[in-house]
Amino acid sequence: MMDQKARSNLEAANVLVDAELFDSAASRAYYAVYLSGWSWLSANNEEPPTDDDGRRYWPHASFAEKLFEWGALEQPEQRDDFEYLRNRRIQADYFVDPINRDEAQEAVTLATTLVRQFLGEDHHE
């Protein structure tokens, strides 16, 4: 289920870049990675913690570090890429300064790589 949501968000990010909706593209790129990371953890029998209202989800602020600790992110640079995506999402969703074309395209490129890795689609050719 989360893998389908991840793919859908990545597809949306690409469409949004083409439509020059850069804030939305950066936000969707981040969520594609977040959801594919969730999918990776589920496939490895890791369950998200429960919040005060009984809902289960992975907290965003510590998610990249958890993925790195559990081996989903194989290199420290990938943890930095995940954090770059999270920071662009925060900028896009909450700050006045807009995401520009280059930032949006970089977000989609990084997201594509990480989503493929988390979902086991990173064929080394």
# chains A, B, ... in the order shown; residues from 1 in each chain; ligands from 1
>>> residues_around(residues="segment 29-34 of chain A", least_positions_apart="6", cutoff="7 Å", atoms="only C-alpha atoms", output="number ranges by chain")
A: 6-7, 9-10, 13, 85-86, 89, 107-108, 111, 114-115
>>> residues_around(residues="Ala25 of chain A", least_positions_apart="4", cutoff="7 Å", atoms="only C-alpha atoms", output="MDAnalysis selection string")
chainID A and resid 13:14 16:17 21 29 104
>>> closest_residue(among="A:Leu35, A:Ala43, A:Ala26, A:Ala92", to="Ala64 of chain A", atoms="only C-alpha atoms")
A:Leu35
>>> atom_distance(atom1="atom CA of Phe118 of chain A", atom2="atom CA of Leu67 of chain A")
9.9 Å
>>> atom_distance(atom1="atom CA of Phe63 of chain A", atom2="atom CA of Met1 of chain A")
18.9 Å
>>> atom_distance(atom1="atom CA of Gly71 of chain A", atom2="atom CA of Asn45 of chain A")
13.2 Å
>>> residues_around(residues="Pro48 of chain A", least_positions_apart="4", cutoff="9 Å", atoms="only C-alpha atoms", output="NGL selection string")
:A and (38 or 41-42 or 56-59)
>>> write_last_selection(atoms="N, CA and C atoms", output="PDB file, in the first residue's frame")
ATOM      1  N   TRP A  38       8.805   4.093   4.517  1.00  0.00           N
ATOM      2  CA  TRP A  38       7.827   3.387   5.347  1.00  0.00           C
ATOM      3  C   TRP A  38       7.600   1.983   4.791  1.00  0.00           C
ATOM      4  N   LEU A  41      10.538  -0.234   5.627  1.00  0.00           N
ATOM      5  CA  LEU A  41      10.498  -0.659   7.024  1.00  0.00           C
ATOM      6  C   LEU A  41       9.434  -1.732   7.250  1.00  0.00           C
ATOM      7  N   SER A  42       8.277  -1.561   6.641  1.00  0.00           N
ATOM      8  CA  SER A  42       7.216  -2.574   6.768  1.00  0.00           C
ATOM      9  C   SER A  42       7.679  -3.914   6.221  1.00  0.00           C
ATOM     10  N   ARG A  56      -0.576   5.356  14.228  1.00  0.00           N
ATOM     11  CA  ARG A  56       0.776   4.887  13.952  1.00  0.00           C
ATOM     12  C   ARG A  56       1.335   5.641  12.745  1.00  0.00           C
ATOM     13  N   TYR A  57       2.502   6.230  12.943  1.00  0.00           N
ATOM     14  CA  TYR A  57       3.217   6.843  11.831  1.00  0.00           C
ATOM     15  C   TYR A  57       4.655   7.086  12.262  1.00  0.00           C
ATOM     16  N   TRP A  58       5.517   7.273  11.259  1.00  0.00           N
ATOM     17  CA  TRP A  58       6.924   7.548  11.526  1.00  0.00           C
ATOM     18  C   TRP A  58       7.116   9.051  11.630  1.00  0.00           C
ATOM     19  N   PRO A  59       7.620   9.562  12.758  1.00  0.00           N
ATOM     20  CA  PRO A  59       7.877  11.004  12.890  1.00  0.00           C
ATOM     21  C   PRO A  59       8.903  11.476  11.856  1.00  0.00           C
TER      22      PRO A  59
END
>>> closest_residue(among="A:Phe82, A:Trp70, A:Trp40, A:Phe22", to="Glu103 of chain A", atoms="only C-alpha atoms")
A:Phe22
>>> closest_residue(among="A:Thr109, A:Ala19, A:Phe95, A:Leu119", to="Met2 of chain A", atoms="only C-alpha atoms")
A:Leu119
>>> select_by_dssp(residues="chain A", states="alpha helix (DSSP H)", output="PyMOL selection string")
chain A and resi 2-18+22-43+60-69+76-94+101-118
>>> closest_residue(among="A:Asp18, A:Asp3, A:Glu11, A:His60", to="Thr112 of chain A", atoms="only C-alpha atoms")
A:Glu11
>>> closest_residue(among="A:Gln117, A:Gln91, A:Arg28, A:Asp81", to="Ala12 of chain A", atoms="only C-alpha atoms")
A:Arg28
>>> residues_around(residues="Tyr94 of chain A", least_positions_apart="5", cutoff="12 Å", atoms="only C-alpha atoms", output="PDB file with C-alpha atoms, in the first residue's frame")
ATOM      1  CA  ASP A  23       6.560  24.045  -4.288  1.00  0.00           C
ATOM      2  CA  SER A  24       4.078  21.227  -4.786  1.00  0.00           C
ATOM      3  CA  SER A  27       6.521  18.460  -1.329  1.00  0.00           C
ATOM      4  CA  ARG A  86      12.559  17.185   4.039  1.00  0.00           C
ATOM      5  CA  ASN A  87      13.911  20.714   4.235  1.00  0.00           C
ATOM      6  CA  ARG A  88      12.624  21.547   0.739  1.00  0.00           C
ATOM      7  CA  ARG A  89       9.213  20.183   1.771  1.00  0.00           C
ATOM      8  CA  ILE A  99      11.099  26.524  -4.373  1.00  0.00           C
TER       9      ILE A  99
END
